[in-house]
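Text of the file data_27.json, holding JSON, C-alpha atoms:
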[["chain", "number", "residue", "atom", "x", "y", "z"],
["A", 30, "MET", "CA", 4.48, 24.46, -6.54],
["A", 31, "LYS", "CA", 2.18, 21.50, -7.30],
["A", 32, "LYS", "CA", 2.60, 18.27, -5.40],
["A", 33, "ALA", "CA", 1.87, 14.66, -6.26],
["A", 34, "LEU", "CA", 2.12, 11.56, -4.09],
["A", 35, "ILE", "CA", 3.01, 8.06, -5.25],
["A", 36, "ILE", "CA", 1.61, 5.21, -3.17],
["A", 37, "CYS", "CA", 3.26, 1.78, -3.36],
["A", 38, "ALA", "CA", 3.52, -1.26, -1.08],
["A", 39, "GLY", "CA", 6.38, -0.26, 1.21],
["A", 40, "GLY", "CA", 7.02, 3.24, -0.07],
["A", 41, "MET", "CA", 10.45, 2.16, -1.23],
["A", 42, "SER", "CA", 10.33, 1.72, -4.99],
["A", 43, "SER", "CA", 8.07, 4.78, -5.16],
["A", 44, "SER", "CA", 10.73, 6.85, -3.34],
["A", 45, "VAL", "CA", 13.21, 6.04, -6.11],
["A", 46, "ILE", "CA", 10.69, 6.91, -8.81],
["A", 47, "ALA", "CA", 9.48, 10.08, -7.01],
["A", 48, "LYS", "CA", 13.01, 11.39, -6.62],
["A", 49, "ARG", "CA", 13.92, 10.83, -10.28],
["A", 50, "THR", "CA", 10.70, 12.37, -11.56],
["A", 51, "THR", "CA", 11.10, 15.44, -9.34],
["A", 52, "GLU", "CA", 14.65, 15.81, -10.69],
["A", 53, "LEU", "CA", 13.34, 15.71, -14.24],
["A", 54, "PHE", "CA", 10.73, 18.39, -13.50],
["A", 55, "THR", "CA", 13.40, 20.57, -11.85],
["A", 56, "GLU", "CA", 15.63, 20.20, -14.93],
["A", 57, "GLN", "CA", 12.71, 21.25, -17.10],
["A", 58, "GLY", "CA", 12.05, 24.22, -14.83],
["A", 59, "LYS", "CA", 8.60, 22.92, -13.90],
["A", 60, "GLU", "CA", 7.17, 23.50, -10.45],
["A", 61, "ILE", "CA", 6.02, 19.97, -9.69],
["A", 62, "GLU", "CA", 7.28, 17.84, -6.82],
["A", 63, "LEU", "CA", 6.67, 14.16, -6.08],
["A", 64, "ASP", "CA", 6.65, 12.35, -2.74],
["A", 65, "ALA", "CA", 6.19, 8.70, -1.85],
["A", 66, "THR", "CA", 4.42, 6.71, 0.81],
["A", 67, "SER", "CA", 3.30, 3.16, 1.60],
["A", 68, "ALA", "CA", -0.13, 1.65, 0.96],
["A", 69, "THR", "CA", -0.75, 1.29, 4.69],
["A", 70, "GLN", "CA", -0.32, 5.05, 5.15],
["A", 71, "GLY", "CA", -2.03, 5.90, 1.89],
["A", 72, "ALA", "CA", -5.58, 6.64, 3.02],
["A", 73, "THR", "CA", -4.59, 8.61, 6.15],
["A", 74, "THR", "CA", -2.16, 10.70, 4.09],
["A", 75, "ILE", "CA", -4.83, 11.41, 1.48],
["A", 76, "GLU", "CA", -7.24, 12.55, 4.22],
["A", 77, "LYS", "CA", -4.76, 15.24, 5.26],
["A", 78, "ASP", "CA", -5.25, 16.71, 1.78],
["A", 79, "LYS", "CA", -1.76, 18.09, 1.17],
["A", 80, "TYR", "CA", -1.33, 16.90, -2.44],
["A", 81, "ASP", "CA", -2.84, 17.84, -5.78],
["A", 82, "LEU", "CA", -2.65, 14.37, -7.30],
["A", 83, "TYR", "CA", -2.35, 10.77, -6.09],
["A", 84, "LEU", "CA", -0.65, 8.02, -8.07],
["A", 85, "VAL", "CA", -0.97, 4.31, -7.29],
["A", 86, "SER", "CA", 1.98, 2.14, -8.28],
["A", 87, "PRO", "CA", 1.22, -0.79, -10.62],
["A", 88, "GLN", "CA", 2.18, -3.42, -8.04],
["A", 89, "THR", "CA", -0.39, -2.07, -5.56],
["A", 90, "LYS", "CA", -3.24, -1.76, -8.03],
["A", 91, "MET", "CA", -5.37, -3.94, -5.72],
["A", 92, "TYR", "CA", -5.61, -1.08, -3.20],
["A", 93, "PHE", "CA", -6.80, 1.42, -5.81],
["A", 94, "ASP", "CA", -10.53, 1.22, -5.03],
["A", 95, "ASN", "CA", -9.97, 1.85, -1.33],
["A", 96, "LEU", "CA", -7.58, 4.72, -1.97],
["A", 97, "LYS", "CA", -9.99, 6.21, -4.49],
["A", 98, "LYS", "CA", -12.66, 6.45, -1.79],
["A", 99, "ALA", "CA", -10.28, 8.57, 0.29],
["A", 100, "ALA", "CA", -9.31, 10.71, -2.71],
["A", 101, "ASP", "CA", -12.96, 11.26, -3.66],
["A", 102, "LYS", "CA", -13.66, 12.56, -0.15],
["A", 103, "VAL", "CA", -11.06, 15.31, -0.54],
["A", 104, "ASN", "CA", -12.03, 15.74, -4.20],
["A", 105, "LYS", "CA", -8.55, 15.10, -5.62],
["A", 106, "PRO", "CA", -7.61, 13.09, -8.71],
["A", 107, "ILE", "CA", -6.12, 9.60, -8.31],
["A", 108, "VAL", "CA", -4.72, 7.44, -11.11],
["A", 109, "ASN", "CA", -3.09, 4.05, -11.60],
["A", 110, "ILE", "CA", 0.47, 4.29, -12.91],
["A", 111, "PRO", "CA", 0.88, 2.15, -16.06],
["A", 112, "PRO", "CA", 3.71, -0.43, -15.65],
["A", 113, "GLN", "CA", 5.79, 1.12, -18.44],
["A", 114, "ALA", "CA", 5.78, 4.43, -16.53],
["A", 115, "TYR", "CA", 7.16, 2.79, -13.39],
["A", 116, "VAL", "CA", 10.71, 1.93, -14.44],
["A", 117, "PRO", "CA", 13.78, 3.79, -13.14],
["A", 118, "ILE", "CA", 15.21, 4.51, -16.60],
["A", 119, "PRO", "CA", 14.95, 7.87, -18.39],
["A", 120, "MET", "CA", 12.21, 6.58, -20.72],
["A", 121, "GLY", "CA", 10.06, 5.34, -17.82],
["A", 122, "ILE", "CA", 10.55, 8.53, -15.80],
["A", 123, "LYS", "CA", 9.59, 10.63, -18.83],
["A", 124, "LYS", "CA", 6.39, 8.62, -19.22],
["A", 125, "LEU", "CA", 5.48, 9.11, -15.58],
["A", 126, "ALA", "CA", 6.17, 12.84, -15.84],
["A", 127, "GLY", "CA", 3.68, 12.84, -18.72],
["A", 128, "VAL", "CA", 1.05, 11.04, -16.61],
["A", 129, "VAL", "CA", 1.58, 13.56, -13.79],
["A", 130, "GLU", "CA", 1.26, 16.59, -16.08],
["A", 131, "GLU", "CA", -1.86, 15.18, -17.70],
["A", 132, "ASN", "CA", -3.65, 14.67, -14.40],
["A", 133, "ILE", "CA", -2.42, 17.35, -12.03],
["B", 30, "MET", "CA", 27.05, -4.82, -13.19],
["B", 31, "GLU", "CA", 25.99, -1.20, -13.07],
["B", 32, "SER", "CA", 23.70, -0.18, -10.26],
["B", 33, "GLU", "CA", 21.25, 1.32, -12.80],
["B", 34, "LYS", "CA", 20.84, -2.06, -14.47],
["B", 35, "LEU", "CA", 20.38, -3.75, -11.10],
["B", 36, "GLN", "CA", 17.73, -1.26, -10.16],
["B", 37, "GLU", "CA", 15.94, -1.96, -13.41],
["B", 38, "ILE", "CA", 15.93, -5.70, -12.70],
["B", 39, "ALA", "CA", 14.71, -5.05, -9.15],
["B", 40, "PHE", "CA", 11.81, -3.02, -10.51],
["B", 41, "GLU", "CA", 10.97, -5.76, -12.98],
["B", 42, "ILE", "CA", 10.76, -8.24, -10.08],
["B", 43, "ILE", "CA", 8.67, -5.83, -8.01],
["B", 44, "LEU", "CA", 6.23, -5.15, -10.85],
["B", 45, "SER", "CA", 5.72, -8.78, -11.84],
["B", 46, "SER", "CA", 5.34, -9.87, -8.22],
["B", 47, "GLY", "CA", 2.87, -7.05, -7.61],
["B", 48, "ASN", "CA", 0.88, -8.06, -10.63],
["B", 49, "ALA", "CA", 0.80, -11.66, -9.36],
["B", 50, "ARG", "CA", -0.29, -10.46, -5.94],
["B", 51, "THR", "CA", -3.17, -8.45, -7.40],
["B", 52, "LEU", "CA", -4.38, -11.56, -9.27],
["B", 53, "ILE", "CA", -4.19, -13.67, -6.11],
["B", 54, "HIS", "CA", -6.28, -11.09, -4.26],
["B", 55, "GLU", "CA", -8.81, -11.18, -7.10],
["B", 56, "SER", "CA", -9.14, -14.93, -6.62],
["B", 57, "PHE", "CA", -10.27, -14.62, -2.98],
["B", 58, "PRO", "CA", -13.77, -13.17, -3.57],
["B", 59, "LEU", "CA", -14.25, -15.71, -6.39],
["B", 60, "MET", "CA", -13.44, -18.56, -4.00],
["B", 61, "ARG", "CA", -15.80, -17.14, -1.39],
["B", 62, "ALA", "CA", -18.57, -17.04, -4.00],
["B", 63, "GLY", "CA", -17.92, -20.69, -4.90],
["B", 64, "LYS", "CA", -16.56, -19.81, -8.35],
["B", 65, "PHE", "CA", -13.74, -22.30, -8.11],
["B", 66, "THR", "CA", -12.85, -22.54, -11.81],
["B", 67, "GLU", "CA", -12.51, -18.76, -12.14],
["B", 68, "GLY", "CA", -10.59, -18.60, -8.88],
["B", 69, "ARG", "CA", -8.15, -21.23, -10.09],
["B", 70, "GLU", "CA", -7.72, -19.38, -13.38],
["B", 71, "LYS", "CA", -6.65, -16.25, -11.48],
["B", 72, "LEU", "CA", -4.11, -18.28, -9.53],
["B", 73, "GLU", "CA", -2.79, -19.77, -12.76],
["B", 74, "GLU", "CA", -2.49, -16.31, -14.29],
["B", 75, "SER", "CA", -0.64, -15.17, -11.19],
["B", 76, "ASN", "CA", 1.83, -17.96, -11.74],
["B", 77, "GLU", "CA", 2.60, -16.57, -15.21],
["B", 78, "SER", "CA", 3.46, -13.22, -13.63],
["B", 79, "LEU", "CA", 5.65, -14.94, -11.05],
["B", 80, "LYS", "CA", 7.48, -16.68, -13.87],
["B", 81, "GLU", "CA", 8.27, -13.28, -15.35],
["B", 82, "ALA", "CA", 9.73, -12.19, -12.02],
["B", 83, "HIS", "CA", 11.73, -15.38, -11.87],
["B", 84, "LYS", "CA", 13.08, -14.83, -15.36],
["B", 85, "ALA", "CA", 14.47, -11.46, -14.30],
["B", 86, "GLN", "CA", 16.00, -13.05, -11.24],
["B", 87, "THR", "CA", 17.50, -15.99, -13.14],
["B", 88, "GLY", "CA", 19.25, -13.62, -15.53],
["B", 89, "LEU", "CA", 20.86, -11.95, -12.57],
["B", 90, "LEU", "CA", 21.96, -15.26, -11.04],
["B", 91, "GLN", "CA", 23.44, -16.37, -14.35],
["B", 92, "ASP", "CA", 25.50, -13.21, -14.57],
["B", 93, "TYR", "CA", 26.64, -13.85, -11.03],
["B", 94, "ALA", "CA", 27.55, -17.46, -11.88],
["B", 95, "ASN", "CA", 29.55, -16.17, -14.84],
["B", 96, "GLY", "CA", 31.69, -14.20, -12.46],
["B", 97, "GLU", "CA", 30.11, -10.80, -12.91],
["B", 98, "ALA", "CA", 30.16, -8.73, -9.72],
["B", 99, "VAL", "CA", 26.58, -8.21, -8.54],
["B", 100, "VAL", "CA", 26.40, -5.61, -5.79],
["B", 101, "MET", "CA", 23.57, -6.31, -3.39],
["B", 102, "ASP", "CA", 21.48, -3.19, -3.27],
["B", 103, "VAL", "CA", 18.73, -2.62, -0.71],
["B", 104, "ILE", "CA", 16.20, -2.26, -3.55],
["B", 105, "MET", "CA", 17.08, -5.81, -4.66],
["B", 106, "VAL", "CA", 16.49, -7.12, -1.13],
["B", 107, "HIS", "CA", 13.15, -5.35, -1.26],
["B", 108, "ALA", "CA", 12.36, -6.94, -4.64],
["B", 109, "GLN", "CA", 13.15, -10.37, -3.22],
["B", 110, "ASP", "CA", 10.79, -9.66, -0.35],
["B", 111, "HIS", "CA", 8.01, -8.88, -2.84],
["B", 112, "LEU", "CA", 8.67, -12.06, -4.78],
["B", 113, "MET", "CA", 8.98, -14.48, -1.88],
["B", 114, "THR", "CA", 5.94, -13.20, 0.05],
["B", 115, "THR", "CA", 3.83, -13.35, -3.10],
["B", 116, "MET", "CA", 4.95, -16.92, -3.83],
["B", 117, "THR", "CA", 3.99, -17.92, -0.29],
["B", 118, "LEU", "CA", 0.65, -16.16, -0.59],
["B", 119, "ARG", "CA", -0.06, -18.10, -3.79],
["B", 120, "GLU", "CA", 0.71, -21.41, -2.13],
["B", 121, "VAL", "CA", -1.65, -20.57, 0.72],
["B", 122, "ALA", "CA", -4.31, -19.44, -1.77],
["B", 123, "LEU", "CA", -4.10, -22.79, -3.58],
["B", 124, "GLU", "CA", -4.61, -24.55, -0.27],
["B", 125, "MET", "CA", -7.53, -22.26, 0.55],
["B", 126, "LEU", "CA", -9.13, -23.14, -2.77],
["B", 127, "GLU", "CA", -9.14, -26.82, -1.75],
["B", 128, "LEU", "CA", -10.60, -25.94, 1.64],
["B", 129, "TYR", "CA", -13.38, -23.81, 0.13],
["B", 130, "LYS", "CA", -14.21, -26.63, -2.28],
["B", 131, "ARG", "CA", -14.54, -29.07, 0.59],
["B", 132, "GLN", "CA", -16.80, -26.67, 2.41],
["B", 133, "GLY", "CA", -18.96, -25.84, -0.60]]
Hey, can you dump this file as structure tokens for me?
Amino acid sequence: MKKALIICAGGMSSSVIAKRTTELFTEQGKEIELDATSATQGATTIEKDKYDLYLVSPQTKMYFDNLKKAADKVNKPIVNIPPQAYVPIPMGIKKLAGVVEENI
Amino acid sequence: MESEKLQEIAFEIILSSGNARTLIHESFPLMRAGKFTEGREKLEESNESLKEAHKAQTGLLQDYANGEAVVMDVIMVHAQDHLMTTMTLREVALEMLELYKRQG
């Protein structure tokens, strides 16, 4: 099982997106799971090194550089989520699943 | 109105507000460096993003005014939080721009 973590401002919108994307992967029989957290917890969570990929939500792009420093320390990939892949409709979720598979 | 549609609107508000917030944060180092024109441009750009968020919100209010039942979801409250705090931050940033100018 591979794991990815979405980081957004409050960890709320990312929870919705993480849940839907995990559901899609389960439907497709793929062993990938997504979690969510807030930007304030982002760096400390990354330091614990429990995920294979980190995703930064488009509305918290401004924290990317800081989070990248933490991800570089544990040598894990981190990417910005494009806005069109951060929408809770099937099309958006599919796009995010693509981003995850490309980078994990 | 379906909860899926509401969620979509909430995400639109969150994304546009987040984009605006990123631009406001980009204006701060410019102001500090005395680049007032560039700083102001960022704040103007951020206003365009806020307008997008407002557009999404206005649509919702119009539906409500037309008698359509709009169920208040927690994600919508969260979206409002994003929008209002970002609008306040922009107002403060505009004031800071004037202060930095006076100082420089």
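Residue nearest chain B within the list A:Thr89, A:Gln113, A:Asn104, A:Ser67: A:Thr89 [criterion: smallest interatomic distance, only C-alpha atoms].
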Mind checking which residues fall within 9 Å of segment 118-121 of chain B, counting all atoms listed in the file, ignoring those fewer than 5 positions away in the same chain, and posting them as a PDB file with C-alpha atoms, in the coordinates of the input?
ATOM      1  CA  ALA B  49       0.800 -11.660  -9.360  1.00  0.00           C
ATOM      2  CA  ARG B  50      -0.290 -10.460  -5.940  1.00  0.00           C
ATOM      3  CA  ILE B  53      -4.190 -13.670  -6.110  1.00  0.00           C
ATOM      4  CA  LEU B  72      -4.110 -18.280  -9.530  1.00  0.00           C
ATOM      5  CA  SER B  75      -0.640 -15.170 -11.190  1.00  0.00           C
ATOM      6  CA  ASN B  76       1.830 -17.960 -11.740  1.00  0.00           C
ATOM      7  CA  MET B 113       8.980 -14.480  -1.880  1.00  0.00           C
ATOM      8  CA  LEU B 126      -9.130 -23.140  -2.770  1.00  0.00           C
TER       9      LEU B 126
END
List every protein, DNA or RNA residue with an atom no more than 10 Å from (-9.7, -18.4, -12.4) in the file's coordinates, counting only C-alpha atoms, and format the result as a ChimeraX atom specification.
/B:52-53,55-56,59-60,64-75
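Set the cut-off at 7 Å, count all atoms listed in the file, and the residues of chain B near chain A turn out to be Glu37, Phe40, Ile43, Leu44, Gly47, Asn48 and Thr51 of chain B.
Picture a line from atom CA of Ala39 of chain B to atom CA of Ala85 of chain B; it runs 8.2 Å.
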I'd like to know which of B:Glu124, B:Glu77, B:Asp92, B:Asp110 is closest to Phe57 of chain B, using all atoms listed in the file.
B:Glu124
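Atom pair atom CA of Val100 of chain B / atom CA of Lys34 of chain B has a distance of 10.9 Å (rounded to one decimal).
For the pair atom CA of Gln132 of chain B and atom CA of Arg61 of chain B, the interatomic distance is 10.3 Å.
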